[in-house]
$ cat final.cif   # mmCIF, C-alpha atoms
data_work
#
loop_
_atom_site.label_atom_id
_atom_site.label_comp_id
_atom_site.auth_asym_id
_atom_site.auth_seq_id
_atom_site.Cartn_x
_atom_site.Cartn_y
_atom_site.Cartn_z
CA MET A 26 -2.90 -4.72 -15.79
CA SER A 27 -3.68 -0.99 -15.72
CA GLY A 28 -3.62 -0.98 -11.92
CA PHE A 29 -0.21 -2.69 -11.95
CA THR A 30 1.31 -0.09 -14.28
CA ALA A 31 -0.39 2.72 -12.35
CA LEU A 32 1.22 1.56 -9.11
CA LEU A 33 4.62 0.99 -10.74
CA THR A 34 4.54 4.44 -12.35
CA ARG A 35 3.44 6.05 -9.10
CA ASP A 36 6.28 4.49 -7.11
CA LEU A 37 8.88 5.38 -9.72
CA ARG A 38 7.56 8.93 -9.88
CA LEU A 39 7.75 9.20 -6.10
CA VAL A 40 11.40 8.13 -6.23
CA LEU A 41 12.09 10.74 -8.91
CA ARG A 42 10.61 13.41 -6.62
CA ARG A 43 13.15 12.43 -3.98
CA PRO A 44 16.24 11.27 -5.85
CA GLY A 45 18.26 11.71 -2.65
CA ASP A 46 16.75 8.54 -1.17
CA VAL A 47 18.24 6.41 -3.94
CA GLY A 48 21.39 8.51 -3.92
CA VAL A 49 21.98 7.63 -0.27
CA VAL A 50 21.64 3.91 -1.02
CA LEU A 51 24.10 4.06 -3.90
CA ALA A 52 26.49 6.25 -1.92
CA PHE A 53 26.38 3.72 0.93
CA PHE A 54 27.24 0.96 -1.53
CA VAL A 55 30.22 2.91 -2.90
CA VAL A 56 31.55 3.95 0.50
CA ALA A 57 31.11 0.51 2.08
CA THR A 58 32.97 -1.28 -0.72
CA VAL A 59 35.73 1.30 -1.13
CA LEU A 60 36.56 0.95 2.58
CA PHE A 61 37.83 -2.57 1.96
CA PRO A 62 40.71 -1.74 -0.41
CA LEU A 63 41.58 1.16 1.90
CA GLY A 64 41.56 -1.02 4.98
CA ILE A 65 43.32 -4.04 3.55
CA GLY A 66 45.92 -2.15 1.56
CA PRO A 67 47.31 -2.70 -1.93
CA GLU A 68 47.41 -6.50 -1.89
CA THR A 69 45.95 -7.02 -5.32
CA ASN A 70 45.67 -10.79 -5.13
CA LEU A 71 43.82 -10.79 -1.84
CA LEU A 72 41.52 -7.97 -2.95
CA ALA A 73 40.64 -9.67 -6.22
CA ARG A 74 39.83 -12.84 -4.30
CA ILE A 75 37.45 -11.21 -1.83
CA ALA A 76 35.99 -8.69 -4.32
CA ALA A 77 32.92 -10.68 -5.32
CA GLY A 78 31.96 -11.48 -1.74
CA VAL A 79 32.45 -7.92 -0.56
CA LEU A 80 30.49 -6.40 -3.45
CA TRP A 81 27.67 -8.90 -3.09
CA CYS A 82 27.37 -8.36 0.66
CA ALA A 83 27.47 -4.59 0.24
CA ALA A 84 24.79 -4.77 -2.47
CA LEU A 85 22.63 -6.86 -0.15
CA PHE A 86 22.98 -4.38 2.71
CA ALA A 87 22.35 -1.44 0.39
CA ALA A 88 19.17 -3.07 -0.96
CA LEU A 89 17.97 -3.67 2.61
CA LEU A 90 18.53 -0.02 3.53
CA SER A 91 15.73 1.22 1.33
CA LEU A 92 13.34 -1.67 1.98
CA GLU A 93 12.10 -0.45 5.34
CA ARG A 94 10.08 2.31 3.68
CA LEU A 95 8.72 0.06 0.90
CA PHE A 96 5.31 -0.47 2.51
CA ALA A 97 5.69 1.68 5.62
CA ALA A 98 5.16 4.92 3.67
CA ASP A 99 1.90 3.60 2.17
CA TYR A 100 0.84 2.32 5.59
CA GLU A 101 1.37 5.71 7.21
CA ASP A 102 -0.43 7.86 4.65
CA GLY A 103 -3.38 5.51 4.18
CA THR A 104 -2.67 4.62 0.55
CA LEU A 105 -2.14 1.00 1.62
CA ASP A 106 -5.89 0.83 2.29
CA LEU A 107 -6.47 1.93 -1.30
CA LEU A 108 -4.25 -0.90 -2.53
CA LEU A 109 -6.03 -3.39 -0.27
CA LEU A 110 -9.36 -2.16 -1.68
CA ALA A 111 -8.31 -1.96 -5.32
CA PRO A 112 -10.45 -4.23 -7.50
CA TRP A 113 -7.53 -6.33 -8.72
CA PRO A 114 -5.29 -8.88 -6.96
CA LEU A 115 -3.13 -7.58 -4.13
CA GLU A 116 -0.46 -10.07 -5.23
CA LEU A 117 0.06 -7.98 -8.37
CA ALA A 118 0.36 -4.85 -6.24
CA ALA A 119 3.04 -6.59 -4.16
CA LEU A 120 4.87 -7.50 -7.36
CA ALA A 121 4.64 -3.95 -8.69
CA LYS A 122 6.11 -2.57 -5.45
CA CYS A 123 9.03 -5.06 -5.55
CA LEU A 124 9.64 -4.36 -9.23
CA ALA A 125 9.77 -0.63 -8.54
CA HIS A 126 12.24 -1.31 -5.72
CA TRP A 127 14.42 -3.40 -8.01
CA ILE A 128 14.42 -0.76 -10.77
CA VAL A 129 15.66 1.92 -8.40
CA THR A 130 18.10 -0.16 -6.34
CA GLY A 131 18.92 -3.60 -7.80
CA LEU A 132 19.41 -2.32 -11.32
CA PRO A 133 21.70 0.63 -10.52
CA LEU A 134 23.65 -1.53 -8.01
CA SER A 135 24.25 -4.13 -10.73
CA LEU A 136 25.54 -1.46 -13.08
CA LEU A 137 27.65 0.23 -10.43
CA ALA A 138 29.27 -2.94 -9.03
CA PRO A 139 31.53 -3.67 -12.07
CA VAL A 140 32.85 -0.10 -11.90
CA LEU A 141 33.74 -0.59 -8.24
CA GLY A 142 35.22 -3.98 -9.08
CA ILE A 143 38.01 -2.14 -10.88
CA ALA A 144 39.18 -0.80 -7.51
CA PHE A 145 39.59 -4.42 -6.42
CA GLY A 146 41.70 -5.28 -9.44
CA LEU A 147 39.16 -7.64 -11.04
CA ASP A 148 39.83 -8.47 -14.69
CA GLY A 149 37.41 -7.85 -17.56
CA PRO A 150 35.57 -11.21 -17.61
CA SER A 151 35.17 -11.12 -13.81
CA LEU A 152 33.69 -7.62 -13.99
CA LEU A 153 31.17 -8.77 -16.58
CA ALA A 154 30.34 -11.85 -14.51
CA LEU A 155 29.84 -9.68 -11.44
CA GLY A 156 27.37 -7.43 -13.27
CA ALA A 157 25.54 -10.37 -14.79
CA THR A 158 25.15 -12.30 -11.52
CA LEU A 159 23.91 -9.18 -9.73
CA LEU A 160 21.38 -8.51 -12.50
CA VAL A 161 19.97 -12.02 -12.11
CA GLY A 162 20.32 -12.15 -8.32
CA THR A 163 19.09 -8.76 -7.13
CA PRO A 164 15.41 -9.37 -8.07
CA THR A 165 15.45 -12.14 -5.44
CA LEU A 166 16.73 -9.66 -2.87
CA SER A 167 13.92 -7.21 -3.69
CA LEU A 168 11.26 -9.94 -3.44
CA ILE A 169 12.54 -11.48 -0.21
CA GLY A 170 13.19 -8.04 1.22
CA GLY A 171 9.66 -7.04 0.23
CA LEU A 172 8.30 -9.96 2.19
CA ALA A 173 10.36 -9.01 5.24
CA ALA A 174 9.18 -5.39 4.87
CA ALA A 175 5.54 -6.49 4.73
CA LEU A 176 5.95 -8.79 7.73
CA THR A 177 7.59 -6.11 9.87
CA LEU A 178 5.03 -3.45 8.92
CA GLY A 179 3.97 -1.53 11.99
CA ALA A 180 6.57 -3.16 14.23
CA ARG A 181 8.94 -1.05 16.31
CA LYS A 182 12.59 -1.26 15.29
CA SER A 183 11.32 -2.70 12.03
CA GLY A 184 14.61 -1.98 10.26
CA ALA A 185 16.67 -4.34 12.40
CA LEU A 186 13.91 -6.95 12.40
CA LEU A 187 13.67 -6.70 8.63
CA ALA A 188 17.38 -7.38 8.23
CA LEU A 189 17.18 -10.33 10.63
CA LEU A 190 14.34 -11.84 8.61
CA ALA A 191 15.65 -11.15 5.13
CA LEU A 192 19.38 -11.84 5.47
CA PRO A 193 19.19 -15.60 6.18
CA LEU A 194 16.77 -16.04 3.28
CA CYS A 195 19.20 -14.25 0.97
CA VAL A 196 22.10 -16.60 1.80
CA PRO A 197 21.61 -18.97 -1.20
CA THR A 198 21.59 -16.03 -3.61
CA LEU A 199 24.70 -14.63 -1.97
CA ILE A 200 26.56 -17.95 -2.16
CA PHE A 201 25.87 -18.56 -5.84
CA GLY A 202 26.31 -14.92 -6.77
CA ALA A 203 29.73 -14.58 -5.19
CA GLY A 204 30.61 -18.16 -6.12
CA ALA A 205 30.24 -17.41 -9.81
CA ILE A 206 33.29 -15.15 -9.84
CA GLU A 207 35.36 -17.75 -7.99
CA ALA A 208 34.24 -20.38 -10.48
CA LEU A 209 35.34 -18.10 -13.28
CA ALA A 210 38.76 -17.67 -11.65
CA ALA A 211 39.04 -21.46 -11.34
CA GLY A 212 38.49 -21.75 -15.09
CA GLU A 213 34.91 -22.98 -14.95
CA GLY A 214 32.03 -21.24 -16.64
CA ILE A 215 29.50 -19.17 -14.72
CA VAL A 216 26.49 -20.64 -16.54
CA THR A 217 25.60 -23.05 -13.72
CA HIS A 218 25.76 -20.29 -11.14
CA VAL A 219 23.67 -17.90 -13.22
CA ALA A 220 21.14 -20.66 -13.87
CA ILE A 221 20.83 -21.37 -10.15
CA LEU A 222 20.48 -17.63 -9.42
CA ALA A 223 17.73 -17.43 -12.03
CA ALA A 224 16.02 -20.46 -10.49
CA LEU A 225 16.15 -18.82 -7.04
CA ALA A 226 14.69 -15.63 -8.54
CA LEU A 227 11.87 -17.61 -10.15
CA VAL A 228 11.08 -19.43 -6.92
CA ALA A 229 10.93 -16.07 -5.12
CA LEU A 230 8.77 -14.67 -7.92
CA ALA A 231 6.36 -17.57 -7.67
CA THR A 232 5.98 -17.50 -3.90
CA THR A 233 6.70 -14.12 -2.30
CA PRO A 234 3.88 -12.07 -3.91
CA TRP A 235 1.30 -14.29 -2.20
CA ALA A 236 3.10 -14.13 1.12
CA ILE A 237 3.52 -10.36 0.85
CA ALA A 238 -0.18 -9.93 0.03
CA ALA A 239 -1.15 -12.06 3.03
CA ALA A 240 1.16 -10.05 5.31
CA LEU A 241 -0.25 -6.76 3.98
CA ARG A 242 -3.83 -7.91 4.56
CA GLN A 243 -2.86 -8.81 8.11
CA ALA A 244 -1.30 -5.39 8.63
CA GLY A 245 -4.43 -3.73 7.23
CA GLU A 246 -6.79 -5.37 9.72
CA MET B 15 -40.43 -1.67 -1.46
CA ALA B 16 -37.50 -3.16 -3.31
CA PRO B 17 -35.16 -5.39 -1.30
CA PRO B 18 -32.14 -3.45 0.00
CA LEU B 19 -29.02 -3.46 -2.17
CA LEU B 20 -26.77 -3.85 0.82
CA GLU B 21 -27.80 -6.26 3.50
CA VAL B 22 -25.86 -6.81 6.71
CA THR B 23 -26.89 -9.77 8.82
CA GLY B 24 -25.71 -10.66 12.31
CA LEU B 25 -22.37 -8.92 11.92
CA ALA B 26 -19.98 -9.20 14.83
CA CYS B 27 -16.51 -7.78 15.21
CA ARG B 28 -13.80 -8.47 17.74
CA ARG B 29 -10.88 -6.12 18.25
CA GLY B 30 -8.10 -6.90 20.70
CA GLY B 31 -10.10 -9.71 22.31
CA ARG B 32 -13.09 -7.48 22.97
CA MET B 33 -16.42 -7.67 21.14
CA VAL B 34 -16.87 -4.22 19.55
CA PHE B 35 -20.32 -4.99 18.21
CA ASP B 36 -22.41 -8.13 17.90
CA ARG B 37 -25.49 -9.29 15.98
CA LEU B 38 -25.64 -6.12 13.94
CA SER B 39 -28.18 -6.20 11.12
CA PHE B 40 -29.37 -3.51 8.73
CA GLY B 41 -30.18 -3.01 5.08
CA LEU B 42 -29.55 -0.07 2.81
CA GLY B 43 -31.27 0.62 -0.51
CA GLU B 44 -30.69 2.87 -3.49
CA GLY B 45 -30.19 6.52 -2.63
CA GLN B 46 -30.00 5.90 1.09
CA LEU B 47 -27.58 7.33 3.59
CA LEU B 48 -26.69 5.68 6.88
CA ALA B 49 -24.96 7.78 9.49
CA LEU B 50 -23.00 5.80 12.07
CA THR B 51 -22.93 7.53 15.41
CA GLY B 52 -21.67 6.54 18.80
CA ARG B 53 -18.97 7.45 21.23
CA ASN B 54 -15.25 7.01 20.69
CA GLY B 55 -14.40 3.36 20.57
CA SER B 56 -17.96 2.28 19.88
CA GLY B 57 -16.84 0.53 16.69
CA LYS B 58 -17.75 2.94 13.89
CA THR B 59 -14.42 2.52 12.14
CA SER B 60 -14.41 -1.24 12.83
CA LEU B 61 -17.82 -1.53 11.20
CA LEU B 62 -16.67 0.42 8.13
CA ARG B 63 -13.53 -1.74 7.84
CA ALA B 64 -15.59 -4.91 8.20
CA LEU B 65 -18.02 -3.71 5.52
CA ALA B 66 -15.15 -2.92 3.16
CA GLY B 67 -13.68 -6.36 3.79
CA LEU B 68 -10.48 -5.01 5.30
CA THR B 69 -11.16 -6.84 8.56
CA PRO B 70 -12.77 -10.26 8.47
CA PRO B 71 -15.84 -10.16 10.72
CA GLU B 72 -16.09 -12.52 13.67
CA ALA B 73 -19.55 -13.64 12.51
CA GLY B 74 -22.28 -12.58 10.15
CA THR B 75 -22.48 -11.69 6.49
CA VAL B 76 -22.51 -8.67 4.24
CA ALA B 77 -24.45 -9.14 1.01
CA TRP B 78 -24.75 -6.96 -2.07
CA GLN B 79 -27.76 -7.62 -4.29
CA GLY B 80 -28.32 -10.80 -2.34
CA GLU B 81 -24.83 -12.17 -2.89
CA ASP B 82 -22.32 -12.60 -0.07
CA ILE B 83 -19.39 -10.24 -0.67
CA ALA B 84 -16.94 -12.93 0.49
CA ARG B 85 -17.69 -14.85 -2.72
CA ASP B 86 -16.29 -12.22 -5.04
CA ARG B 87 -14.03 -9.81 -3.19
CA GLU B 88 -12.71 -8.08 -6.28
CA SER B 89 -16.10 -7.03 -7.67
CA TRP B 90 -17.06 -5.90 -4.19
CA ARG B 91 -13.97 -3.72 -3.90
CA GLY B 92 -14.82 -2.23 -7.29
CA ARG B 93 -18.12 -1.02 -5.87
CA LEU B 94 -16.56 0.82 -2.95
CA ALA B 95 -15.16 4.26 -2.49
CA TRP B 96 -13.17 4.35 0.74
CA LEU B 97 -12.34 7.39 2.82
CA GLY B 98 -10.50 6.33 5.95
CA HIS B 99 -9.42 8.57 8.78
CA LEU B 100 -6.17 8.93 6.85
CA ASP B 101 -6.58 10.78 3.56
CA GLY B 102 -4.78 8.19 1.43
CA LEU B 103 -2.77 10.79 -0.49
CA LYS B 104 0.89 10.90 -1.46
CA GLY B 105 2.51 14.09 -0.15
CA ASP B 106 5.08 14.26 -2.93
CA LEU B 107 2.48 14.11 -5.69
CA SER B 108 0.29 17.01 -6.76
CA VAL B 109 -3.48 17.08 -6.20
CA ILE B 110 -4.08 16.11 -9.82
CA GLU B 111 -1.49 13.32 -9.79
CA ASN B 112 -3.02 11.90 -6.62
CA LEU B 113 -6.51 11.88 -8.13
CA LEU B 114 -5.40 10.38 -11.44
CA THR B 115 -3.31 7.69 -9.70
CA ALA B 116 -6.11 6.76 -7.30
CA GLU B 117 -8.50 6.39 -10.21
CA ARG B 118 -6.05 4.26 -12.20
CA LEU B 119 -5.45 2.08 -9.14
CA ARG B 120 -9.19 1.45 -9.18
CA GLY B 121 -8.79 0.32 -12.76
CA GLY B 122 -10.52 3.36 -14.29
CA GLU B 123 -9.62 6.53 -16.15
CA ALA B 124 -10.64 9.90 -14.77
CA GLY B 125 -10.94 11.54 -18.21
CA ASP B 126 -13.38 14.45 -18.37
CA ARG B 127 -14.70 13.80 -14.89
CA LEU B 128 -11.52 15.15 -13.29
CA ASP B 129 -12.44 18.82 -13.81
CA GLY B 130 -15.85 18.29 -12.25
CA ALA B 131 -14.36 16.60 -9.18
CA LEU B 132 -11.81 19.40 -8.73
CA LEU B 133 -14.51 22.03 -9.16
CA ALA B 134 -16.85 20.35 -6.67
CA PHE B 135 -14.32 20.84 -3.89
CA ASP B 136 -12.88 24.13 -5.11
CA LEU B 137 -9.52 22.53 -5.85
CA THR B 138 -8.95 23.92 -9.33
CA ALA B 139 -6.52 26.56 -8.10
CA LEU B 140 -4.62 23.99 -6.01
CA ALA B 141 -4.52 21.29 -8.70
CA ALA B 142 -0.80 21.54 -9.40
CA ARG B 143 0.27 21.94 -5.77
CA GLU B 144 2.05 19.11 -4.02
CA VAL B 145 -0.23 17.65 -1.38
CA ARG B 146 2.34 17.97 1.42
CA THR B 147 2.17 21.76 1.04
CA LEU B 148 -1.61 21.77 1.62
CA SER B 149 -3.49 22.30 4.87
CA ALA B 150 -5.35 19.44 6.56
CA GLY B 151 -8.69 20.73 5.25
CA GLN B 152 -7.38 21.06 1.71
CA ARG B 153 -6.07 17.49 1.88
CA ARG B 154 -9.41 16.24 3.12
CA ARG B 155 -11.06 18.01 0.18
CA THR B 156 -8.66 16.26 -2.19
CA ALA B 157 -9.52 12.92 -0.59
CA LEU B 158 -13.24 13.69 -1.00
CA ALA B 159 -12.68 14.61 -4.65
CA ARG B 160 -11.16 11.15 -5.03
CA ILE B 161 -14.39 9.63 -3.69
CA VAL B 162 -16.54 11.66 -6.10
CA LEU B 163 -14.25 10.72 -8.98
CA SER B 164 -14.53 7.00 -8.29
CA GLN B 165 -18.21 6.80 -9.31
CA ALA B 166 -18.54 3.86 -6.94
CA PRO B 167 -22.11 3.03 -5.92
CA LEU B 168 -21.24 2.70 -2.23
CA TRP B 169 -19.31 5.31 -0.30
CA LEU B 170 -17.76 4.30 3.00
CA LEU B 171 -16.68 7.43 4.82
CA ASP B 172 -14.91 7.71 8.15
CA GLU B 173 -15.44 11.19 9.60
CA PRO B 174 -15.78 12.88 6.20
CA LEU B 175 -16.22 16.34 7.76
CA ASN B 176 -12.90 16.22 9.64
CA ALA B 177 -10.90 19.44 9.22
CA LEU B 178 -13.41 20.89 6.74
CA ASP B 179 -14.45 24.54 7.00
CA ALA B 180 -18.06 25.66 6.40
CA PRO B 181 -17.84 26.12 2.59
CA ALA B 182 -16.10 22.75 2.25
CA GLN B 183 -18.76 21.08 4.40
CA ALA B 184 -21.41 22.56 2.12
CA ALA B 185 -19.51 21.26 -0.91
CA PHE B 186 -19.39 17.81 0.66
CA ARG B 187 -23.14 17.88 1.35
CA ALA B 188 -23.84 18.90 -2.24
CA ALA B 189 -21.64 16.09 -3.58
CA LEU B 190 -23.25 13.54 -1.26
CA GLN B 191 -26.71 14.74 -2.25
CA ILE B 192 -25.89 14.28 -5.94
CA HIS B 193 -24.51 10.81 -5.23
CA LEU B 194 -27.66 9.81 -3.33
CA SER B 195 -30.06 11.24 -5.91
CA ALA B 196 -28.25 9.25 -8.57
CA GLY B 197 -29.12 6.11 -6.61
CA GLY B 198 -25.84 5.81 -4.73
CA LEU B 199 -25.47 4.55 -1.17
CA ALA B 200 -23.37 6.04 1.57
CA ILE B 201 -22.38 4.99 5.06
CA ALA B 202 -20.62 7.63 7.07
CA ALA B 203 -19.20 7.46 10.57
CA THR B 204 -19.58 10.87 12.07
CA HIS B 205 -19.63 12.93 15.22
CA ALA B 206 -20.98 16.05 13.57
CA GLU B 207 -24.39 16.45 12.02
CA LEU B 208 -24.16 15.46 8.35
CA GLY B 209 -27.01 17.82 7.50
CA ILE B 210 -28.60 15.40 5.09
CA GLU B 211 -31.68 13.39 5.79
CA GLY B 212 -30.99 9.75 6.19
CA ARG B 213 -31.07 6.94 8.65
CA SER B 214 -28.72 6.67 11.54
CA LEU B 215 -27.32 3.79 13.46
CA GLU B 216 -26.04 4.34 16.94
CA LEU B 217 -23.36 1.92 17.93
CA GLY B 218 -23.44 1.10 21.61
CA SER B 219 -20.43 2.13 23.59
CA THR B 220 -19.03 -0.29 26.10
CA LEU B 221 -18.50 2.72 28.34
CA SER B 222 -22.20 3.38 28.54
CA SER B 223 -24.25 1.21 30.84
CA THR B 224 -27.61 2.22 29.36
CA SER B 225 -27.12 0.48 26.04
CA PRO B 226 -26.23 -3.20 25.76
CA PRO B 227 -22.48 -3.68 25.23
CA GLY B 228 -21.61 -3.90 21.59
CA GLY B 229 -25.22 -3.77 20.50
CA GLY B 230 -26.59 -1.45 17.87
CA GLU B 231 -29.67 0.68 17.84
CA GLU B 232 -31.23 1.92 14.65
CA HIS B 233 -33.29 5.07 14.12
CA ASP B 234 -35.12 6.18 11.06
CA GLY B 235 -34.43 9.71 9.92
CA ASP B 236 -37.01 12.45 9.76
CA VAL B 237 -37.79 11.66 6.13
CA ALA B 238 -37.37 8.12 4.88
#

$ encode --input "final.cif" --output "structure tokens"
Amino acid sequence: MSGFTALLTRDLRLVLRRPGDVGVVLAFFVVATVLFPLGIGPETNLLARIAAGVLWCAALFAALLSLERLFAADYEDGTLDLLLLAPWPLELAALAKCLAHWIVTGLPLSLLAPVLGIAFGLDGPSLLALGATLLVGTPTLSLIGGLAAALTLGARKSGALLALLALPLCVPTLIFGAGAIEALAAGEGIVTHVAILAALALVALATTPWAIAAALRQAGE
Amino acid sequence: MAPPLLEVTGLACRRGGRMVFDRLSFGLGEGQLLALTGRNGSGKTSLLRALAGLTPPEAGTVAWQGEDIARDRESWRGRLAWLGHLDGLKGDLSVIENLLTAERLRGGEAGDRLDGALLAFDLTALAAREVRTLSAGQRRRTALARIVLSQAPLWLLDEPLNALDAPAQAAFRAALQIHLSAGGLAIAATHAELGIEGRSLELGSTLSSTSPPGGGEEHDGDVA
């Protein structure tokens, strides 16, 4: 486990050295979502109805923004070789990288989204539901995005390719994440939606680390 | 003579559809150094990567103490210290942070050995500097300090002398000498003279018509 924590700490420390990188991602999220109320105008009902979808989509795009560098930086400076040659499973290294990504993007996005939801005129319970679904759903985005980042490692135009690979795989998470707030508005509970989001996250957790490790080994050849 | 610790048998490697080397066999025992020479593209780096297990070889086996490394990859990786042509350092971390992190990623703790590794490559004054502010030679020295720190029995080095000035080259030789006298093994791909007695293996270049394509030719050093 010491290697896992060492890698997680290293990645978090690297982010702290360049807080601007995370700042840009969060700023993109804020700007992208705030454009909607500005563009659509003060139609509170309409805004409240589309809020969940808009915030979820914006969170997805924001998470993708920072994924391109997830493994590319290690690939370029040669530290990826050190991970490939570390005497513990590469799958754990993949998990540590995705966890670090979630801590610096998924987590702050989940906390920020309810605040932005106010601009869309969402009520209290909806704001809470939005935060909760994002907390459960964003780990899936980090894991799937991590896989896309590993697969596109070394490719030209990897950013666009990454989005093309990751976005379709994120559709189920998006549907149930945004659907939870609609369900709440329709008077149903959000438990089913949160449970499905958790199940999706667990499936991603149980499969992507192996796929990421395989893709990284391929890139290291 | 004791059987060699590291035994390579019939190793072949294919890169981009082309055989880089074929039927390569050699053994390396305690305290021995093998210098890989050969022209650009002759497969020195490919051989190092195949030995490390980064690239699966086309054919052949690598065995450590008689056991095929493919059977237990993790223990094998624990025995290696790897210096690629890239330094493997994070620019935003300091020299010390890089060394400590690399050691933890190997599952160890640097502890008291850190000072010795810094001293060996005259890095003590640079210890707190961020690596991106260092010169290429200073970075290479940091990467070499990482190798010394690892205490791995087998060093795989790709052009270790790259960017090093004369004092740093001397420091590298001293460190390598200590490693070898302690019973360590080292395989180094190099263009320059390493300045340490050891065996050398010339990898045949496909550009040269005098040596068989992809074949290897082994020489014994002046003193075995």

$ interface_residues --input "final.cif" --of "chain A" --to "chain B" --cutoff "8 Å" --atoms "only C-alpha atoms" --output "PyMOL selection string"
chain A and resi 27-29+31-32+35+39+42+102-114+242+245-246

$ atom_distance --input "final.cif" --atom1 "atom CA of Gly131 of chain A" --atom2 "atom CA of Ala185 of chain A"
20.3 Å

$ closest_residue --input "final.cif" --among "A:Leu141, A:Leu230, A:Leu72, A:Ile128" --to "Val47 of chain A" --atoms "all atoms listed in the file"
A:Ile128

$ resolve_selection --input "final.cif" --expression "the PyMOL selection byres ((chain A and resi 51-65) around 12)" --output "PyMOL selection string"
chain A and resi 44-50+66-91+129-146

$ residues_around --input "final.cif" --residues "Trp169 of chain B" --least-positions-apart "5" --cutoff "12 Å" --atoms "all atoms listed in the file" --output "PyMOL selection string"
chain B and resi 20+42+45-49+62+65-66+91-98+158+160-164+174+189-190+193-194+197-203

$ resolve_selection --input "final.cif" --expression "the PyMOL selection byres ((chain B and resi 27) around 8)" --output "list in words"
Leu25, Ala26, Arg28, Arg29, Met33, Val34, Phe35, Asp36, Ser60, Leu61, Ala64, Pro71, Glu72 and Ala73 of chain B

$ atom_distance --input "final.cif" --atom1 "atom CA of Gly41 of chain B" --atom2 "atom CA of Ala185 of chain B"
27.2 Å

$ resolve_selection --input "final.cif" --expression "the PyMOL selection byres ((chain A and resi 126) around 9)" --output "mmCIF file with C-alpha atoms, keeping the file's coordinate frame"
data_model
loop_
_atom_site.group_PDB
_atom_site.id
_atom_site.type_symbol
_atom_site.label_atom_id
_atom_site.label_comp_id
_atom_site.auth_asym_id
_atom_site.auth_seq_id
_atom_site.Cartn_x
_atom_site.Cartn_y
_atom_site.Cartn_z
ATOM 1 C CA ASP A 36 6.280 4.490 -7.110
ATOM 2 C CA LEU A 37 8.880 5.380 -9.720
ATOM 3 C CA ALA A 88 19.170 -3.070 -0.960
ATOM 4 C CA SER A 91 15.730 1.220 1.330
ATOM 5 C CA LEU A 92 13.340 -1.670 1.980
ATOM 6 C CA LEU A 95 8.720 0.060 0.900
ATOM 7 C CA ALA A 121 4.640 -3.950 -8.690
ATOM 8 C CA LYS A 122 6.110 -2.570 -5.450
ATOM 9 C CA CYS A 123 9.030 -5.060 -5.550
ATOM 10 C CA LEU A 124 9.640 -4.360 -9.230
ATOM 11 C CA ALA A 125 9.770 -0.630 -8.540
ATOM 12 C CA TRP A 127 14.420 -3.400 -8.010
ATOM 13 C CA ILE A 128 14.420 -0.760 -10.770
ATOM 14 C CA VAL A 129 15.660 1.920 -8.400
ATOM 15 C CA THR A 130 18.100 -0.160 -6.340
ATOM 16 C CA GLY A 131 18.920 -3.600 -7.800
ATOM 17 C CA PRO A 164 15.410 -9.370 -8.070
ATOM 18 C CA SER A 167 13.920 -7.210 -3.690
ATOM 19 C CA LEU A 168 11.260 -9.940 -3.440
ATOM 20 C CA GLY A 171 9.660 -7.040 0.230
#

$ atom_distance --input "final.cif" --atom1 "atom CA of Ile206 of chain A" --atom2 "atom CA of Val228 of chain A"
22.8 Å

$ closest_residue --input "final.cif" --among "B:Leu140, B:Leu19, B:Leu113, B:Leu175" --to "Glu81 of chain B" --atoms "all atoms listed in the file"
B:Leu19

$ axis_aligned_box --input "final.cif" --around "segment 218-234 of chain A" --padding-each-side "8 Å" --output "lines of an AutoDock Vina configuration file"
center_x = 14.8
center_y = -16.7
center_z = -8.1
size_x = 37.9
size_y = 25.3
size_z = 27.6

$ closest_residue --input "final.cif" --among "A:Leu159, A:Leu120, A:Val196, A:Leu115" --to "Ala231 of chain A" --atoms "all atoms listed in the file"
A:Leu120
